[in-house]
Every structure is written in structure tokens, then in C-alpha cells.
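To start, the structure itself, in C-alpha cells.
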Amino acid sequence: MSGAQRGLPEALERAAQALRRDADAIRPANGDPSRLAESLDPPARVRVLAWLLANEPAAGEELAASWAQDAEGAGAALLALDERSLPKSARKILRRIVHGLRTRGVAPPPDAPTARVATLPSLSDAIDEARITALDPRGARVVALATSHPGGGVRLFQIVIDDARGVLDFEVLSAARRDIRRWLRESARGEGQTSVAVSPATARALVARAAAHHPASRALPRGFAEWRSRVAEVEPDARTPGEQARAALAPEPEAIAAGRRVAELVREGAIGPWPPEPRALQELALRVAQSREGVLVVSEAARGDQQDRALDEAAKELAGGENGELLALRLEEVAFLFWKGDREDDARACLAAAKALRESDDSRVLPARAFVETWLAPILREPPAREAARPLVVRP
């Protein structure tokens, strides 16, 4: 399909795919030449125009003609573009439009020098950092990604993600470098374990995984699709925090001992509780409550055995299938945080429990049951409702 058939908006989408560092400035313009010029810095305008002229000449000519109307602004990109880098057909287009500028007296003669060098931020001022928080009690966390903007300043992306519920919230802020650096310092030394530094590639891998799990029934947060290439593009060999912990801390301890330790951490509140959605939790609570009430039982021990069986069933459900994989992912993420917090033994225990969940090892039920008991603690603390037992002997 030619550029004429495709149109400027479609051609710019192809340019965004090819010029990835400029994609986040190209897409919001929605094909509008004026908005595009406002969102691109001078060097980026030259790059985009050159790509279009070389690859989508009809769309490139349309953009060049539009920018030529603002000779002192966006039109400067036409004069800064080195025509020797273009194919012959593109050079003809550029020369014709630049000639029009000169005949109007708004462009210097051909031999006049033009500025073609952009001043970029020094490496010492550039920011490309990321931090992640621990999983909250529902299983969500915040990923913060700070990157220098080519036109000056810094963009700070804050994304709330959950491997079960996808991308929950998204926000992008622009600020001065000094403000972002201060925020990064303060978040690193806040009360408790506020956040942990990771590479930007690691942060993007986390966001991409959550986005892949986002339910089709719920729309992504506003703005996420526009910036997705910046915050969720996975680089080759990029690994999530959990994958890094798994690679660094193998081998794990014996599975039964690890399962018991993870169960202790759950009951202490150091992990989780990450309950399921309200409806699933309500169904589980009803099932366990019914195992304790409304049945003629002459022995409290027998009643306790019946409740234990119900809890074991719920634990096995949690440890299997998609639920088990989700729990394994979360335990690996906790392992990374323990590892970075100098708690390698607990990190290894979490990794071993995650491995047992994936391999359907019997030890996987130990931590799973601890999670279930934590979710249902209010019910389990209540004494069971007693039914009056019918007499077994009928008196005359």
C-alpha cells in the first residue's frame, strides 16, 4: 500500500514502529501535523520527516508542506534535513518545498549555514531508573519508571499492577530532574521497605506480564495504551524480579521444611494474604461454615476432623491449576524482596514453595492451607452453632 493510499496518520503509525525512541511523541498527535510538531523536539522532527520522505514519500510530502507554513518553527526541520541521506525521489520533494520557502523570502540561500546539531542532556543528568514496591495485602504493587525526556525534564510513570487483575492504574508525570532525583532518594530511604531499585528492563517485564493477564472484560487504564511501548516493551533477556531470584538462589531447601516456613510467614502476616475475589471468597467461607454447623455430631473431635477436611480441600484447590501458578509467581516476587532485604533463607523457602506448587509436590498444601486459614480466620474463631441432637431412643 502506498503512502497516498495509507494517509498521513497510518504512515506516522509505521514511523512510530520504526522510530521507537520517538514513538511516544508521534502517537498522541493522531496524525495532526501541528500537534506532531509540538510534541517532537527539533532533532526528532528531522528524524520523523526524513523517515517519511524515504519510506512514505506521499505522506512525507504532506507533512513537509504543512510544516513549511511555519517556516520559523516546524519548517526549520526542512532546512536542517541533509538531503544527501535521502533517496532521489525524496530529495526532489524536499528541494521543491524548500525552493518555495526561499521564493517567499523565509529561508536562507542554499549556501547559508544551518544549524543541524541538537544539544542533548549530559550523561550525568540523564535519568533511567525504576523502583518497585512490595506486594500489598491484595497482591498489587506499584512500578515507578523514570526516564529522561529528549526535550528536557523527566517523565515519571507510575503503574499499579497485579498478576491476577492486570493493570489497575496508570499515571504519567513530567517534572524537573532534581525533583525526580529527590523523589527517588526519598523513596529509597523511607520508613520500612518503601521500594526496591530494579533495572528499567526488569520493571517493564513486570508491567508486560501484568498487562498480558489483564481481563478482556475490563478496559485498560486511560493513557496506558498510548504509552505502552515505553513502559511494557520487553527487552531481550529481560527477567522479572522473581526470575532473577530463582536464578541467583538455587538450590532451594527441602520442600517440606520450606512449606512449613512459608506457612509461618503467612500466619505472621509477613506474606499475603492475597485473598481471591469477593465472590470466590464468599463461596469458600460458606462451604467451610457448612462443614461446622447443622450436622449431628456427638464429638467435638469429629466436628474438627470435618472442618479440617474442608480446609484441606480448599487448600488443594488453591494449590492447583491457574491458582497455583499465580501463587507461585507471587511467592517468587516475595523471594526477590527477601533476597534484597538480606533474608536469603526466607527467600529460598519461598522459591522452594513456588517450585512445589508447579510440580504438584505434596508439600504445596502446607502454605496453601495457611493462606486459606488466614482468609477465613473470622469464621474459624467463632464457635460453631449447635443443633439439638434428636434422641436416639423414643420414650413412651
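Following the order of the C-alpha cells, first chain is A, next is B, and so on, with residues numbered from 1 inside each chain and ligands from 1 in the order they appear.
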
Run DSSP on the backbone and grab whatever in range 140-221 of chain A lands in strand (DSSP E or B); send it over as a VMD selection string.
-> chain A and resid 141 to 148 154 to 162 166 to 175 196 to 198

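The environment of Leu36 in chain A within 9 Å, counting only C-alpha atoms and disregarding residues fewer than 5 places along the same chain, consists of Ala25, Ile26, Arg27, Pro28, Ala29, Asn30, Gly31 and Arg45 of chain A.
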
Would you mind reading off the distance between CA of Leu94 in chain A and CA of Asp32 in chain A, one decimal, in Å?
-> 19.9 Å

Which polymer residues have any atom within 6 Å of an atom of range 273-277 of chain A, counting only C-alpha atoms, with same-chain residues fewer than 3 positions away left out, as an MDAnalysis selection string?
-> chainID A and resid 137:139 280:281

Written selection (all heavy atoms) as a PDB file, in the first residue's frame:
```pdb
ATOM      1  N   PRO A 137      -1.489  -6.328  50.565  1.00  0.00           N
ATOM      2  CA  PRO A 137      -2.283  -7.479  51.004  1.00  0.00           C
ATOM      3  C   PRO A 137      -3.212  -8.056  49.942  1.00  0.00           C
ATOM      4  O   PRO A 137      -3.623  -9.209  50.053  1.00  0.00           O
ATOM      5  CB  PRO A 137      -3.090  -6.908  52.183  1.00  0.00           C
ATOM      6  CG  PRO A 137      -2.215  -5.830  52.747  1.00  0.00           C
ATOM      7  CD  PRO A 137      -1.581  -5.204  51.535  1.00  0.00           C
ATOM      8  N   ARG A 138      -3.548  -7.280  48.896  1.00  0.00           N
ATOM      9  CA  ARG A 138      -4.386  -7.813  47.827  1.00  0.00           C
ATOM     10  C   ARG A 138      -3.557  -8.416  46.698  1.00  0.00           C
ATOM     11  O   ARG A 138      -4.101  -9.036  45.783  1.00  0.00           O
ATOM     12  CB  ARG A 138      -5.283  -6.705  47.258  1.00  0.00           C
ATOM     13  CG  ARG A 138      -6.427  -6.299  48.156  1.00  0.00           C
ATOM     14  CD  ARG A 138      -7.433  -7.418  48.362  1.00  0.00           C
ATOM     15  NE  ARG A 138      -7.890  -8.011  47.108  1.00  0.00           N
ATOM     16  CZ  ARG A 138      -8.851  -7.510  46.345  1.00  0.00           C
ATOM     17  NH1 ARG A 138      -9.470  -6.390  46.685  1.00  0.00           N
ATOM     18  NH2 ARG A 138      -9.226  -8.117  45.232  1.00  0.00           N
ATOM     19  N   GLY A 139      -2.235  -8.189  46.695  1.00  0.00           N
ATOM     20  CA  GLY A 139      -1.381  -8.717  45.641  1.00  0.00           C
ATOM     21  C   GLY A 139      -0.957  -7.685  44.618  1.00  0.00           C
ATOM     22  O   GLY A 139      -0.308  -8.023  43.632  1.00  0.00           O
ATOM     23  N   ALA A 280     -15.627 -15.518  45.127  1.00  0.00           N
ATOM     24  CA  ALA A 280     -14.970 -16.797  45.378  1.00  0.00           C
ATOM     25  C   ALA A 280     -14.702 -16.981  46.869  1.00  0.00           C
ATOM     26  O   ALA A 280     -14.861 -18.084  47.410  1.00  0.00           O
ATOM     27  CB  ALA A 280     -13.664 -16.870  44.592  1.00  0.00           C
ATOM     28  N   LEU A 281     -14.327 -15.898  47.551  1.00  0.00           N
ATOM     29  CA  LEU A 281     -14.077 -15.985  48.984  1.00  0.00           C
ATOM     30  C   LEU A 281     -15.369 -16.285  49.746  1.00  0.00           C
ATOM     31  O   LEU A 281     -15.376 -17.078  50.699  1.00  0.00           O
ATOM     32  CB  LEU A 281     -13.456 -14.675  49.481  1.00  0.00           C
ATOM     33  CG  LEU A 281     -13.042 -14.627  50.950  1.00  0.00           C
ATOM     34  CD1 LEU A 281     -12.034 -15.731  51.258  1.00  0.00           C
ATOM     35  CD2 LEU A 281     -12.457 -13.263  51.301  1.00  0.00           C
TER      36      LEU A 281
END
```

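Taking only C-alpha atoms into account, Gly242 in chain A lies nearest to A:Thr202 out of the set A:Ser148, A:Thr202, A:Ser229, A:Ser217.
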
Write out as number ranges by chain the residues lying within 7 Å of Ser199 in chain A, counting only C-alpha atoms and excluding same-chain residues fewer than 3 positions away.
-> A: 129-130, 202-203

Who sits within 7 Å of range 255-270 of chain A, only C-alpha atoms, same chain under 4 positions skipped, as a count of residues only = 12

Select from range 142-348 of chain A everything DSSP, run on the backbone, classes as helix (DSSP H, G or I), then give the selection as a PyMOL selection string.
-> chain A and resi 177-188+200-212+224-231+241-249+255-268+278-292+300-319+321-340+344-348

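Between Ala15 in chain A and the candidates A:Val334, A:Ile93, A:Ala328, A:Leu52, the tightest atom-to-atom separation, counting only C-alpha atoms, involves A:Leu52.
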
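Of the residues under consideration (A:Val198, A:Val288, A:Ala347, A:Ala77), A:Val288 shows the shortest atom-to-atom contact distance to Leu380 in chain A when counting only C-alpha atoms.
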
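Near Leu326 in chain A, within 12 Å and counting only C-alpha atoms, sit Gly139, Asp162, Asp163, Ala164, Arg165, Arg209, Ala210, His213, Trp274, Pro275, Pro276, Leu318, Ala319, Gly320, Gly321, Glu322, Arg330, Leu331, Glu332, Glu333, Ala354, Leu357, Arg358 and Ala368 of chain A, not including residues fewer than 4 positions from it in the same chain.
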
Distance CA of Leu101 in chain A-CA of Glu83 in chain A, one decimal place?
-> 15.7 Å

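A straight line drawn from CA of Ala146 in chain A to CA of Ile127 in chain A is 6.5 Å long.
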
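Shortest atom-to-atom contact with Ala208 in chain A among A:Phe338, A:Trp51, A:Phe224, A:Trp67: A:Phe224, counting only C-alpha atoms.
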
Selected residue, from A:Glu344, A:Glu13, A:Glu226, A:Asp82, that lies nearest to Arg47 in chain A when counting only C-alpha atoms | A:Asp82

Could you tell me which of A:Arg287, A:His214, A:Arg91, A:Arg178 comes closest to Glu313 in chain A if we count only C-alpha atoms?
-> A:Arg287
